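*Asks:* Here you go, start.txt (compact mmCIF, C-alpha atoms and all ligand atoms):
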```txt
# COMPACT_ATOMS: atom_id res chain seq x y z
CA MET A 125 -7.44 17.69 64.77
CA VAL A 126 -10.57 16.70 62.89
CA HIS A 127 -12.97 14.64 64.94
CA HIS A 128 -16.04 12.83 63.78
CA SER A 129 -18.13 13.15 66.85
CA SER A 130 -20.41 10.37 67.87
CA ASN A 131 -24.11 10.98 68.17
CA GLN A 132 -24.56 8.63 71.13
CA PRO A 133 -22.68 9.77 74.24
CA GLU A 134 -23.11 6.47 76.06
CA ALA A 135 -21.81 4.44 73.11
CA ALA A 136 -18.87 6.81 72.73
CA ARG A 137 -18.00 6.57 76.42
CA SER A 138 -18.08 2.79 76.61
CA PHE A 139 -16.06 2.50 73.41
CA ALA A 140 -13.50 4.85 74.99
CA VAL A 141 -13.33 2.53 78.00
CA GLU A 142 -12.83 -0.47 75.71
CA VAL A 143 -9.97 1.19 73.85
CA VAL A 144 -8.16 1.85 77.13
CA ARG A 145 -8.84 -1.70 78.32
CA THR A 146 -7.47 -3.24 75.13
CA LEU A 147 -4.24 -1.24 75.43
CA ARG A 148 -3.87 -2.06 79.12
CA GLU A 149 -4.46 -5.76 78.63
CA ALA A 150 -1.64 -5.69 76.10
CA GLY A 151 0.62 -4.34 78.83
CA HIS A 152 0.59 -0.65 77.89
CA GLU A 153 -0.11 2.47 79.86
CA ALA A 154 -3.28 4.19 78.55
CA TYR A 155 -5.58 6.97 79.74
CA TRP A 156 -8.25 9.31 78.55
CA ALA A 157 -6.54 12.63 77.93
CA GLY A 158 -7.17 16.34 77.54
CA GLY A 159 -10.53 17.89 76.65
CA CYS A 160 -12.65 14.82 77.44
CA VAL A 161 -11.27 14.57 80.98
CA ARG A 162 -11.80 18.27 81.54
CA ASP A 163 -15.35 18.13 80.19
CA ARG A 164 -16.33 15.17 82.37
CA LEU A 165 -14.94 16.83 85.48
CA LEU A 166 -16.98 19.91 84.59
CA GLY A 167 -20.08 17.75 84.21
CA ARG A 168 -20.22 18.33 80.47
CA GLU A 169 -20.65 15.69 77.81
CA PRO A 170 -17.31 15.37 75.94
CA LYS A 171 -17.53 16.06 72.19
CA ASP A 172 -15.15 13.16 71.67
CA TYR A 173 -12.61 11.06 73.55
CA ASP A 174 -8.85 11.09 73.12
CA VAL A 175 -6.63 8.38 74.51
CA ALA A 176 -2.93 8.81 75.35
CA THR A 177 -0.67 5.79 75.62
CA ASP A 178 2.94 4.65 75.75
CA ALA A 179 2.27 2.24 72.88
CA GLN A 180 3.90 3.26 69.60
CA PRO A 181 1.61 3.98 66.63
CA ARG A 182 2.45 0.71 64.86
CA GLN A 183 1.74 -1.25 68.05
CA VAL A 184 -1.63 0.51 68.33
CA ARG A 185 -2.42 -0.36 64.75
CA LYS A 186 -1.44 -3.97 65.23
CA LEU A 187 -3.55 -4.26 68.36
CA PHE A 188 -6.74 -2.84 66.82
CA GLY A 189 -6.17 -4.15 63.31
CA HIS A 190 -5.72 -2.22 60.07
CA ARG A 191 -9.40 -2.47 59.16
CA ARG A 192 -10.51 -0.62 62.28
CA THR A 193 -7.81 2.05 62.25
CA LEU A 194 -6.66 5.05 60.25
CA ALA A 195 -3.06 6.17 60.25
CA VAL A 196 -3.43 9.70 58.86
CA GLY A 197 -1.84 11.21 61.96
CA ALA A 198 0.77 8.48 62.49
CA SER A 199 3.74 10.78 61.81
CA PHE A 200 2.92 12.74 64.97
CA GLY A 201 1.92 9.64 66.88
CA VAL A 202 -1.84 9.53 66.35
CA ILE A 203 -3.84 6.49 65.26
CA THR A 204 -7.59 6.81 64.78
CA ILE A 205 -9.72 3.88 65.98
CA LEU A 206 -13.09 3.49 64.30
CA GLY A 207 -15.84 2.68 66.76
CA PRO A 208 -18.98 0.61 66.40
CA LYS A 209 -22.08 2.33 65.05
CA GLY A 210 -22.94 5.49 67.00
CA ALA A 211 -19.71 5.42 69.01
CA GLY A 212 -17.76 7.74 66.75
CA GLN A 213 -14.01 7.38 66.59
CA ILE A 214 -11.18 7.77 69.05
CA GLU A 215 -7.74 9.17 68.54
CA VAL A 216 -5.04 7.22 70.30
CA ALA A 217 -1.92 9.33 70.64
CA THR A 218 1.45 8.09 71.83
CA PHE A 219 2.81 10.15 74.76
CA ARG A 220 4.94 12.77 73.11
CA GLU A 221 6.81 16.01 73.51
CA ASP A 222 6.98 18.54 70.76
CA ALA A 223 10.43 19.60 69.60
CA GLY A 224 10.93 23.06 68.14
CA TYR A 225 8.26 25.42 66.83
CA SER A 226 10.03 27.42 64.14
CA ASP A 227 6.80 28.64 62.47
CA GLY A 228 5.12 29.70 65.71
CA ARG A 229 2.29 27.29 65.12
CA HIS A 230 3.35 23.65 64.50
CA PRO A 231 5.99 21.49 66.14
CA ASP A 232 8.91 20.70 63.83
CA ALA A 233 9.08 17.13 65.13
CA VAL A 234 7.68 15.00 67.93
CA HIS A 235 9.50 12.61 70.24
CA PHE A 236 7.79 9.80 72.08
CA THR A 237 8.10 10.11 75.83
CA THR A 238 6.33 9.65 79.18
CA ALA A 239 2.84 10.53 80.35
CA GLN A 240 4.21 13.34 82.50
CA GLU A 241 6.08 14.94 79.59
CA ASP A 242 2.99 14.54 77.44
CA ALA A 243 0.94 16.43 80.03
CA SER A 244 3.52 19.23 80.06
CA ARG A 245 3.42 19.86 76.31
CA ARG A 246 -0.34 20.55 76.44
CA ASP A 247 -1.57 24.13 76.50
CA PHE A 248 -3.55 24.80 79.69
CA THR A 249 -3.60 23.02 83.02
CA ILE A 250 -7.26 22.06 82.67
CA ASN A 251 -6.38 20.46 79.32
CA GLY A 252 -3.42 18.55 80.77
CA LEU A 253 -5.34 15.96 82.79
CA PHE A 254 -5.43 12.19 82.30
CA TYR A 255 -8.14 9.88 83.54
CA ASP A 256 -7.95 6.17 84.09
CA PRO A 257 -11.48 4.91 83.36
CA LEU A 258 -10.69 1.41 84.65
CA GLU A 259 -9.64 2.55 88.11
CA GLU A 260 -11.70 5.77 87.93
CA ARG A 261 -8.72 7.88 88.87
CA VAL A 262 -7.56 11.32 87.70
CA ILE A 263 -3.84 11.66 86.95
CA ASP A 264 -2.82 15.28 87.35
CA TYR A 265 0.80 16.31 86.70
CA VAL A 266 0.03 19.98 86.09
CA GLY A 267 -2.38 21.18 88.78
CA GLY A 268 -5.33 21.06 86.41
CA GLN A 269 -7.82 19.97 89.06
CA ASP A 270 -7.03 22.99 91.23
CA ASP A 271 -7.57 25.31 88.30
CA LEU A 272 -10.83 23.58 87.42
CA ARG A 273 -11.99 24.23 90.97
CA LEU A 274 -10.77 27.83 90.84
CA GLY A 275 -12.31 28.27 87.42
CA GLN A 276 -9.22 29.56 85.72
CA ILE A 277 -7.31 29.12 82.50
CA ARG A 278 -3.60 28.91 83.21
CA ALA A 279 -0.84 28.06 80.77
CA ILE A 280 1.22 25.02 81.69
CA GLY A 281 4.73 26.24 82.50
CA ASN A 282 5.94 29.66 81.40
CA PRO A 283 3.12 31.34 79.48
CA VAL A 284 5.40 33.51 77.35
CA GLU A 285 7.34 30.43 76.25
CA ARG A 286 4.18 28.47 75.60
CA PHE A 287 2.66 31.26 73.48
CA THR A 288 5.97 31.71 71.68
CA GLU A 289 5.82 28.06 70.62
CA ASP A 290 2.26 28.27 69.33
CA LYS A 291 0.51 31.63 68.99
CA LEU A 292 -2.91 30.05 68.47
CA ARG A 293 -2.86 29.20 72.18
CA MET A 294 -3.49 32.88 72.96
CA LEU A 295 -6.84 32.74 71.26
CA ARG A 296 -7.60 29.30 72.69
CA ALA A 297 -6.99 30.75 76.16
CA LEU A 298 -9.59 33.39 75.50
CA ARG A 299 -12.03 30.90 74.00
CA PHE A 300 -11.80 28.47 76.93
CA THR A 301 -12.12 31.36 79.40
CA VAL A 302 -15.32 32.47 77.76
CA THR A 303 -16.92 29.11 76.95
CA PHE A 304 -16.46 27.84 80.52
CA ASP A 305 -17.12 31.24 82.12
CA PHE A 306 -13.68 31.04 83.78
CA GLN A 307 -11.08 33.67 84.63
CA LEU A 308 -7.86 34.08 82.73
CA GLU A 309 -5.05 33.60 85.24
CA PRO A 310 -3.21 36.97 85.55
CA GLN A 311 0.23 35.85 84.35
CA THR A 312 -1.31 34.03 81.42
CA LEU A 313 -3.24 37.19 80.54
CA ASP A 314 -0.09 39.30 80.91
CA ALA A 315 1.74 37.04 78.50
CA ILE A 316 -1.04 37.48 75.95
CA ARG A 317 -0.87 41.25 76.40
CA GLN A 318 2.85 41.14 75.65
CA MET A 319 2.52 38.93 72.63
CA ALA A 320 -0.93 39.65 71.18
CA GLU A 321 0.50 41.22 68.04
CA GLN A 322 1.97 37.85 67.04
CA ILE A 323 -1.45 36.24 66.71
CA ARG A 324 -1.22 37.38 63.07
CA VAL A 325 0.92 34.37 62.13
CA VAL A 326 -2.12 32.15 62.77
CA SER A 327 -4.18 31.28 59.70
CA PRO A 328 -7.44 33.19 59.23
CA GLU A 329 -9.38 29.91 59.28
CA ARG A 330 -8.10 29.06 62.75
CA ILE A 331 -8.74 32.58 64.00
CA SER A 332 -12.32 32.58 62.79
CA ALA A 333 -12.95 29.06 64.15
CA GLU A 334 -12.01 30.33 67.62
CA MET A 335 -13.93 33.57 67.17
CA ARG A 336 -16.99 31.63 66.10
CA GLN A 337 -17.00 29.77 69.40
CA VAL A 338 -16.43 32.96 71.39
CA LEU A 339 -19.19 34.93 69.65
CA THR A 340 -21.82 32.21 69.55
CA GLY A 341 -21.23 31.12 73.15
CA PRO A 342 -23.17 32.45 76.13
CA ARG A 343 -20.48 34.88 77.38
CA ARG A 344 -19.85 36.63 74.10
CA ALA A 345 -19.72 40.18 75.45
CA ALA A 346 -17.13 39.09 78.01
CA GLY A 347 -15.28 37.50 75.11
CA ILE A 348 -15.25 40.77 73.16
CA ARG A 349 -14.13 42.69 76.25
CA LEU A 350 -11.31 40.24 76.82
CA LEU A 351 -10.39 40.38 73.16
CA ILE A 352 -9.94 44.13 73.51
CA ASP A 353 -8.41 44.01 76.96
CA SER A 354 -5.81 41.40 75.98
CA GLY A 355 -4.70 43.32 72.91
CA LEU A 356 -5.84 40.54 70.57
CA ALA A 357 -8.55 42.72 69.06
CA ALA A 358 -5.98 45.31 68.00
CA ALA A 359 -4.28 42.56 66.01
CA ILE A 360 -7.20 40.67 64.50
CA LEU A 361 -10.20 42.98 64.78
CA PRO A 362 -8.94 46.58 64.91
CA GLU A 363 -12.29 47.79 63.55
CA LEU A 364 -13.96 46.75 66.78
CA ASN A 365 -11.16 48.18 68.85
CA GLU A 366 -11.76 51.52 67.18
CA ALA A 367 -15.49 51.28 67.72
CA ALA A 368 -14.89 50.73 71.42
CA ALA A 369 -12.45 53.63 71.64
CA THR A 370 -14.52 56.08 69.59
CA ASP A 371 -17.69 55.93 71.66
CA PRO A 372 -17.33 53.77 74.78
CA LYS A 373 -20.88 54.37 75.94
CA CYS A 374 -22.36 53.37 72.63
CA PHE A 375 -20.08 50.32 72.58
CA GLU A 376 -21.30 49.26 76.02
CA ARG A 377 -24.83 49.27 74.66
CA THR A 378 -23.67 47.23 71.64
CA LEU A 379 -22.14 44.64 73.96
CA GLU A 380 -25.31 44.42 76.00
CA VAL A 381 -27.31 43.78 72.84
CA VAL A 382 -24.79 41.13 71.74
CA ASP A 383 -25.09 39.41 75.10
CA ARG A 384 -28.87 39.37 74.95
CA LEU A 385 -29.05 37.56 71.59
CA ASP A 386 -30.67 34.18 72.01
CA HIS A 387 -28.34 31.48 70.62
CA PRO A 388 -27.21 33.60 67.66
CA GLY A 389 -25.37 32.28 64.64
CA PHE A 390 -21.97 33.73 63.86
CA SER A 391 -23.35 36.21 61.30
CA LEU A 392 -25.93 37.68 63.64
CA ALA A 393 -23.47 37.94 66.52
CA LEU A 394 -20.99 39.72 64.26
CA ALA A 395 -23.57 42.10 62.78
CA ALA A 396 -24.77 43.04 66.26
CA ALA A 397 -21.19 43.56 67.43
CA PHE A 398 -20.45 45.77 64.41
CA TRP A 399 -23.50 47.97 64.73
CA PRO A 400 -23.48 51.01 64.56
CA THR A 401 -19.80 51.78 63.97
CA VAL A 402 -18.50 49.19 61.54
CA ASN A 403 -20.28 49.73 58.22
CA THR A 404 -21.43 47.14 55.72
CA GLU A 405 -18.40 47.50 53.47
CA THR A 406 -15.94 47.09 56.32
CA ALA A 407 -17.94 44.17 57.69
CA GLY A 408 -17.62 42.49 54.29
CA LYS A 409 -13.85 42.94 54.38
CA ILE A 410 -13.67 41.38 57.82
CA GLY A 411 -15.78 38.47 56.61
CA GLU A 412 -13.42 37.91 53.69
CA ARG A 413 -10.38 38.28 55.90
CA TRP A 414 -11.72 35.52 58.13
CA ARG A 415 -12.68 33.32 55.16
CA LEU A 416 -16.35 33.23 56.16
CA THR A 417 -18.69 31.65 53.62
CA ASN A 418 -20.40 33.92 51.10
CA LYS A 419 -23.66 33.07 52.77
CA GLU A 420 -22.37 34.31 56.11
CA ILE A 421 -20.88 37.46 54.61
CA ASP A 422 -24.14 38.20 52.77
CA ARG A 423 -26.15 37.67 55.92
CA ILE A 424 -24.02 40.12 57.88
CA ALA A 425 -24.44 42.75 55.15
CA TRP A 426 -28.16 42.07 54.86
CA LEU A 427 -28.62 42.51 58.60
CA LEU A 428 -26.60 45.72 58.80
CA ASP A 429 -28.48 47.14 55.81
CA ARG A 430 -31.89 46.18 57.23
CA HIS A 431 -31.27 47.55 60.71
CA GLY A 432 -34.32 49.68 61.51
CA ALA A 433 -36.29 48.41 58.49
CA LEU A 434 -38.90 46.85 60.77
CA ASP A 435 -39.01 49.60 63.41
CA ALA A 436 -42.58 50.82 64.04
CA VAL A 437 -43.54 48.25 61.46
CA GLN A 438 -47.29 48.53 62.08
CA HIS A 439 -47.21 51.98 60.45
CA LYS A 440 -45.37 50.89 57.32
CA ALA A 441 -46.72 49.61 54.00
CA TRP A 442 -47.04 45.84 54.10
CA SER A 443 -45.43 45.64 50.64
CA SER A 444 -42.13 47.00 52.00
CA VAL A 445 -42.31 45.08 55.28
CA GLN A 446 -43.21 41.82 53.56
CA ARG A 447 -40.04 41.83 51.46
CA VAL A 448 -37.96 41.90 54.63
CA LEU A 449 -40.08 39.37 56.51
CA VAL A 450 -40.01 36.72 53.80
CA ALA A 451 -36.23 36.92 53.47
CA GLU A 452 -34.12 34.15 54.97
CA GLY A 453 -32.50 36.51 57.45
CA ALA A 454 -35.78 37.75 58.96
CA GLY A 455 -35.51 35.51 62.03
CA ASP A 456 -32.06 36.90 62.78
CA LEU A 457 -33.26 40.46 62.27
CA LEU A 458 -36.14 39.95 64.70
CA ASP A 459 -33.87 38.32 67.29
CA TRP A 460 -31.55 41.28 66.98
CA MET A 461 -34.42 43.79 67.33
CA GLN A 462 -35.68 41.94 70.36
CA ALA A 463 -32.28 42.11 72.03
CA GLU A 464 -32.14 45.84 71.27
CA ARG A 465 -35.61 46.49 72.65
CA ALA A 466 -34.74 44.61 75.85
CA THR A 467 -31.46 46.52 76.22
CA ASP A 468 -33.17 49.88 75.70
CA GLU A 469 -36.16 48.82 77.81
CA ALA A 470 -38.23 49.83 74.81
CA ASP A 471 -41.62 48.68 73.62
CA ASP A 472 -41.27 45.53 71.52
CA ALA A 473 -44.76 45.53 70.03
CA ASP A 474 -43.24 45.79 66.55
CA VAL A 475 -41.20 42.62 67.07
CA ALA A 476 -44.23 40.78 68.40
CA TRP A 477 -46.29 41.97 65.42
CA CYS A 478 -43.68 40.67 62.98
CA ARG A 479 -43.51 37.32 64.73
CA ARG A 480 -47.29 37.01 64.45
CA GLN A 481 -47.04 37.69 60.71
CA LEU A 482 -44.39 35.00 60.35
CA ALA A 483 -46.63 32.53 62.16
CA ARG A 484 -49.28 32.91 59.45
CA PRO A 485 -49.42 30.33 56.63
CA HIS A 486 -46.64 30.95 54.11
CA GLU A 487 -49.05 31.39 51.16
CA GLU A 488 -50.77 34.21 53.03
CA ILE A 489 -47.68 36.29 53.69
CA ASP A 490 -45.93 35.34 50.45
CA PRO A 491 -48.69 34.63 47.89
CA ALA A 492 -47.82 33.51 44.37
CA PRO A 493 -47.27 36.60 42.15
CA LEU A 494 -50.23 37.66 40.01
CA LEU A 495 -47.96 38.47 37.09
CA SER A 496 -44.69 37.18 35.60
CA GLY A 497 -42.29 38.35 32.91
CA ALA A 498 -43.88 35.81 30.56
CA ASP A 499 -47.26 37.50 31.09
CA LEU A 500 -45.72 40.86 30.15
CA ILE A 501 -44.27 39.38 26.93
CA GLU A 502 -47.62 37.86 26.02
CA HIS A 503 -49.26 41.20 26.79
CA GLY A 504 -46.94 42.75 24.17
CA VAL A 505 -44.83 44.90 26.45
CA PRO A 506 -41.45 45.54 24.75
CA ARG A 507 -38.66 43.90 26.70
CA GLY A 508 -36.40 46.13 28.77
CA PRO A 509 -35.51 47.40 32.23
CA ILE A 510 -39.12 48.49 32.61
CA TYR A 511 -40.03 44.86 33.33
CA ARG A 512 -38.45 44.95 36.78
CA GLU A 513 -40.24 48.22 37.56
CA LEU A 514 -43.62 46.94 36.37
CA LEU A 515 -43.38 43.65 38.22
CA ASP A 516 -42.34 45.44 41.42
CA GLN A 517 -45.25 47.83 41.23
CA VAL A 518 -47.70 45.02 40.51
CA ARG A 519 -46.28 43.05 43.45
CA ASP A 520 -46.66 46.06 45.78
CA ALA A 521 -50.26 46.51 44.66
CA GLN A 522 -50.94 42.81 45.20
CA LEU A 523 -49.37 42.71 48.66
CA ASP A 524 -51.08 45.90 49.74
CA GLY A 525 -54.41 44.43 48.59
CA ARG A 526 -55.11 46.94 45.81
CA ILE A 527 -55.42 44.21 43.16
CA ASP A 528 -56.24 40.53 43.43
CA SER A 529 -56.32 39.12 39.89
CA THR A 530 -54.09 38.86 36.84
CA ALA A 531 -56.63 40.91 34.84
CA ALA A 532 -56.39 43.73 37.39
CA ALA A 533 -52.59 43.42 37.31
CA LEU A 534 -52.58 43.88 33.51
CA GLN A 535 -54.85 46.91 33.82
CA LEU A 536 -52.36 48.41 36.26
CA VAL A 537 -49.54 47.69 33.80
CA ASP A 538 -51.42 49.51 31.03
CA ARG A 539 -52.04 52.48 33.32
CA ILE A 540 -48.37 52.73 34.30
CA LEU A 541 -47.24 52.44 30.66
CA SER A 542 -49.69 55.15 29.51
CA GLU A 543 -48.50 57.48 32.27
CA ASN A 544 -44.84 57.06 31.22
P1 LIG B 601 -12.56 21.19 72.37
O1 LIG B 601 -13.69 21.08 73.29
O2 LIG B 601 -12.49 22.47 71.66
O3 LIG B 601 -12.36 20.00 71.47
P2 LIG B 601 -10.11 20.28 73.48
O4 LIG B 601 -9.38 20.64 74.73
O5 LIG B 601 -10.53 18.86 73.31
O6 LIG B 601 -11.32 21.26 73.36
P3 LIG B 601 -8.68 19.90 71.04
O7 LIG B 601 -8.24 20.94 70.05
O8 LIG B 601 -9.64 18.88 70.64
O9 LIG B 601 -9.19 20.73 72.29
O10 LIG B 601 -7.33 19.23 71.58
C1 LIG B 601 -7.30 18.13 72.46
C2 LIG B 601 -6.19 18.31 73.48
O11 LIG B 601 -4.93 18.48 72.83
C3 LIG B 601 -6.34 19.54 74.36
O12 LIG B 601 -7.16 19.29 75.47
C4 LIG B 601 -4.92 19.82 74.75
O13 LIG B 601 -4.49 18.97 75.78
C5 LIG B 601 -4.15 19.47 73.50
N1 LIG B 601 -3.98 20.60 72.59
C6 LIG B 601 -4.80 20.98 71.57
N2 LIG B 601 -4.34 22.04 70.93
C7 LIG B 601 -3.19 22.38 71.53
C8 LIG B 601 -2.22 23.40 71.32
N3 LIG B 601 -2.39 24.30 70.35
N4 LIG B 601 -1.15 23.43 72.15
C9 LIG B 601 -0.99 22.50 73.11
N5 LIG B 601 -1.85 21.53 73.38
C10 LIG B 601 -2.94 21.45 72.60
MG MG B 602 -11.45 18.04 71.54
```
As structure tokens - that is how I would like this structure written.
*Replies:*
Amino acid sequence: MVHHSSNQPEAARSFAVEVVRTLREAGHEAYWAGGCVRDRLLGREPKDYDVATDAQPRQVRKLFGHRRTLAVGASFGVITILGPKGAGQIEVATFREDAGYSDGRHPDAVHFTTAQEDASRRDFTINGLFYDPLEERVIDYVGGQDDLRLGQIRAIGNPVERFTEDKLRMLRALRFTVTFDFQLEPQTLDAIRQMAEQIRVVSPERISAEMRQVLTGPRRAAGIRLLIDSGLAAAILPELNEAAATDPKCFERTLEVVDRLDHPGFSLALAAAFWPTVNTETAGKIGERWRLTNKEIDRIAWLLDRHGALDAVQHKAWSSVQRVLVAEGAGDLLDWMQAERATDEADDADVAWCRRQLARPHEEIDPAPLLSGADLIEHGVPRGPIYRELLDQVRDAQLDGRIDSTAAALQLVDRILSEN
């Protein structure tokens, strides 16, 4: 479900109260439902609020008016209510049960039903809670509050049946376990182990959306371990499975590095998880398989290819170092190095040195070039592949401080050409 999150939590919350009040004053049953209830009980700010009600979609629309509602989800019982400025929008869903899941992902049809049935069709007990914001009361048909207290992710009902209906739930189970730092309830985990292979019916976009949350969250190493342990990695990320099996000790170190990354983006987290076993080419295939953006795929490759490029950087020519430091991915590379140094309890003077360089004014570390292709044309150099070579050498000389004027750059060009 696509949500347009509000940017003002207080406005979103009071709008969510108003939506429930409006439905109740019209004689309907209505509660906050699912993720928002869970998040509030965990002391987290909900991303958005969902309301569940016994009102039918057309009644909801009538009550809130066509101008303030969207009916894109009406066929499965969902009406979107547009909030006042800053309050975002709220999805009001009629209590429903899902009938039949022949594709292993989406219900074939929905039937409107009671609150209790609606709780039972949800995936995990902690996601099956309702909250009445008018009476400030939790309505718990599925034992969700106990599992919140225990810190565990447990499928509602029979886990094998629930995962058979919708295979994406296997990956959601893992994602919730990791993002809340919970345990995966043993029978729920067992069911995933039995069925992990079937995760393949889920679209790559959905798989990578879940993986993104796992790998950019704070417990990403635990997430990778669970991915392997549950059998899901064998189905969606066999390359990592192999890396873990080939050299377990090396893989432990990789996981420690991954865990130490400070708020990494998806590309950095993946590159660090791939190193040193999954090569650039294979990483690119994984990126394409998961429909990552070209920018993300390029960043992963850039990072893997630059691993080590800044090691002992103080002893390297500035001209080679500078090209790495001025690249867009330099921040990621340094964060990665820092995590590696910490893991290996190694000296991180090189990282600190690079960060000091990056703190200098941009025109100092990346000065305007002394020479361009146009200058070479004007200087009468015949066009050809030599241009790239000449400009590179001039740039090196400039960065390393051997020349500091266009005249000196042209002299260098003449010298190189006469030597060739
Ligand atoms: P998030 O913080 O990721 O938004 P969420 O629990 O709100 O977590 P949503 O995907 O927004 O997740 O779904 C809202 C609610 O709908 C869930 O809390 C759950 O009750 C139910 N739900 C979502 N996806 C499924 C599913 N695949 N199977 C069963 N119930 C689901
Ligand atoms: Mg949600």
*Asks:* Give the residue list for ligand LIG 601 (chain B) at 9 Å, counting all atoms listed in the file, as a PyMOL selection string, sorted by chain and then by residue number.
*Replies:* chain A and resi 125-127+157-163+170-174+229-230+242-253+286-287+289-293+296+299-300+334+337
*Asks:* Find the residue from A:Arg137, A:Arg220, A:Arg539, A:His486 that sits nearest to Phe200 in chain A; use all atoms listed in the file when measuring.
*Replies:*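 Of the candidates, the smallest distance to Phe200 in chain A is held by A:Arg220.
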*Asks:* Using all atoms listed in the file, pick whichever of A:Arg413, A:Gln517, A:Trp426, A:Ala368 has the shortest atom-to-atom distance to Pro400 in chain A.
*Replies:*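 Selected residue with least distance to Pro400 in chain A: A:Ala368.
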*Asks:* Identify which of the residues A:Phe219, A:Trp442, A:Phe236, A:Phe398 lies closest to Gly525 in chain A, counting only C-alpha atoms when measuring atom-to-atom distances.
*Replies:*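 With only C-alpha atoms as the atom set, the closest residue is A:Trp442.
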*Asks:* If we count all atoms listed in the file, what is near Asn365 in chain A at a cut-off of 10 Å, once residues fewer than 2 positions away on the same chain are taken out, given as an MDAnalysis selection string?
*Replies:* chainID A and resid 348:349 351:353 355:363 367:370 375
*Asks:* Which residue out of A:Glu366, A:Asp305, A:Glu376, A:Asp264 has the minimum interatomic distance to Gly341 in chain A when only C-alpha atoms are used?
*Replies:*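 Distance minimum relative to Gly341 in chain A lands on A:Asp305.
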*Asks:* Could you check how far CA of Gly189 in chain A sits from CA of Ile205 in chain A, in Å to one decimal?
*Replies:*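 These atoms are spaced 9.2 Å apart.
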*Asks:* To one decimal in Å, tell me the separation between CA of Ala433 in chain A and CA of Ile540 in chain A.
*Replies:*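 About the pair CA of Ala433 in chain A and CA of Ile540 in chain A: they are 27.4 Å apart.
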*Asks:* In terms of the shortest atom-to-atom distance over all atoms listed in the file, which of A:Asp227, A:Glu260, A:Glu405, A:Asp222 is closest to Leu428 in chain A?
*Replies:*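 Nearest candidate to Leu428 in chain A out of A:Asp227, A:Glu260, A:Glu405, A:Asp222: A:Glu405.
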*Asks:* Which residues, written as a PDB file with C-alpha atoms, keeping the file's coordinate frame, have at least one atom at most 8 Å from Ala396 in chain A, with all atoms listed in the file counted and residues fewer than 3 positions away on the same chain left out?
*Replies:*
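And here's around04.pdb as it stands now:
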```
ATOM      1  CA  THR A 378     -23.670  47.230  71.640  1.00  0.00           C
ATOM      2  CA  VAL A 381     -27.310  43.780  72.840  1.00  0.00           C
ATOM      3  CA  VAL A 382     -24.790  41.130  71.740  1.00  0.00           C
ATOM      4  CA  LEU A 392     -25.930  37.680  63.640  1.00  0.00           C
ATOM      5  CA  ALA A 393     -23.470  37.940  66.520  1.00  0.00           C
ATOM      6  CA  TRP A 399     -23.500  47.970  64.730  1.00  0.00           C
ATOM      7  CA  TRP A 460     -31.550  41.280  66.980  1.00  0.00           C
TER       8      TRP A 460
END
```
*Asks:* Can you measure CA of Ala239 in chain A to CA of Asn282 in chain A for me? One decimal in Å is fine.
*Replies:*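 Separating CA of Ala239 in chain A from CA of Asn282 in chain A is a distance of 19.4 Å.
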*Asks:* Extract, using only C-alpha atoms, all DNA, RNA and protein residues at most 12 Å from Gly275 in chain A, discarding same-chain residues fewer than 5 positions from it, and format them as a list in words.
*Replies:* Arg162, Leu165, Leu166, Thr249, Ile250, Gly268, Gln269, Asp270, Phe300, Thr301, Val302, Thr303, Phe304, Asp305, Phe306, Gln307, Leu308 and Glu309 of chain A
*Asks:* Next, write the just-selected residues to a file, as a compact mmCIF listing (two decimals), in the frame of the given file, keeping C-alpha atoms as the atom set.
*Replies:*
```txt
# COMPACT_ATOMS: atom_id res chain seq x y z
CA ARG A 162 -11.80 18.27 81.54
CA LEU A 165 -14.94 16.83 85.48
CA LEU A 166 -16.98 19.91 84.59
CA THR A 249 -3.60 23.02 83.02
CA ILE A 250 -7.26 22.06 82.67
CA GLY A 268 -5.33 21.06 86.41
CA GLN A 269 -7.82 19.97 89.06
CA ASP A 270 -7.03 22.99 91.23
CA PHE A 300 -11.80 28.47 76.93
CA THR A 301 -12.12 31.36 79.40
CA VAL A 302 -15.32 32.47 77.76
CA THR A 303 -16.92 29.11 76.95
CA PHE A 304 -16.46 27.84 80.52
CA ASP A 305 -17.12 31.24 82.12
CA PHE A 306 -13.68 31.04 83.78
CA GLN A 307 -11.08 33.67 84.63
CA LEU A 308 -7.86 34.08 82.73
CA GLU A 309 -5.05 33.60 85.24
```
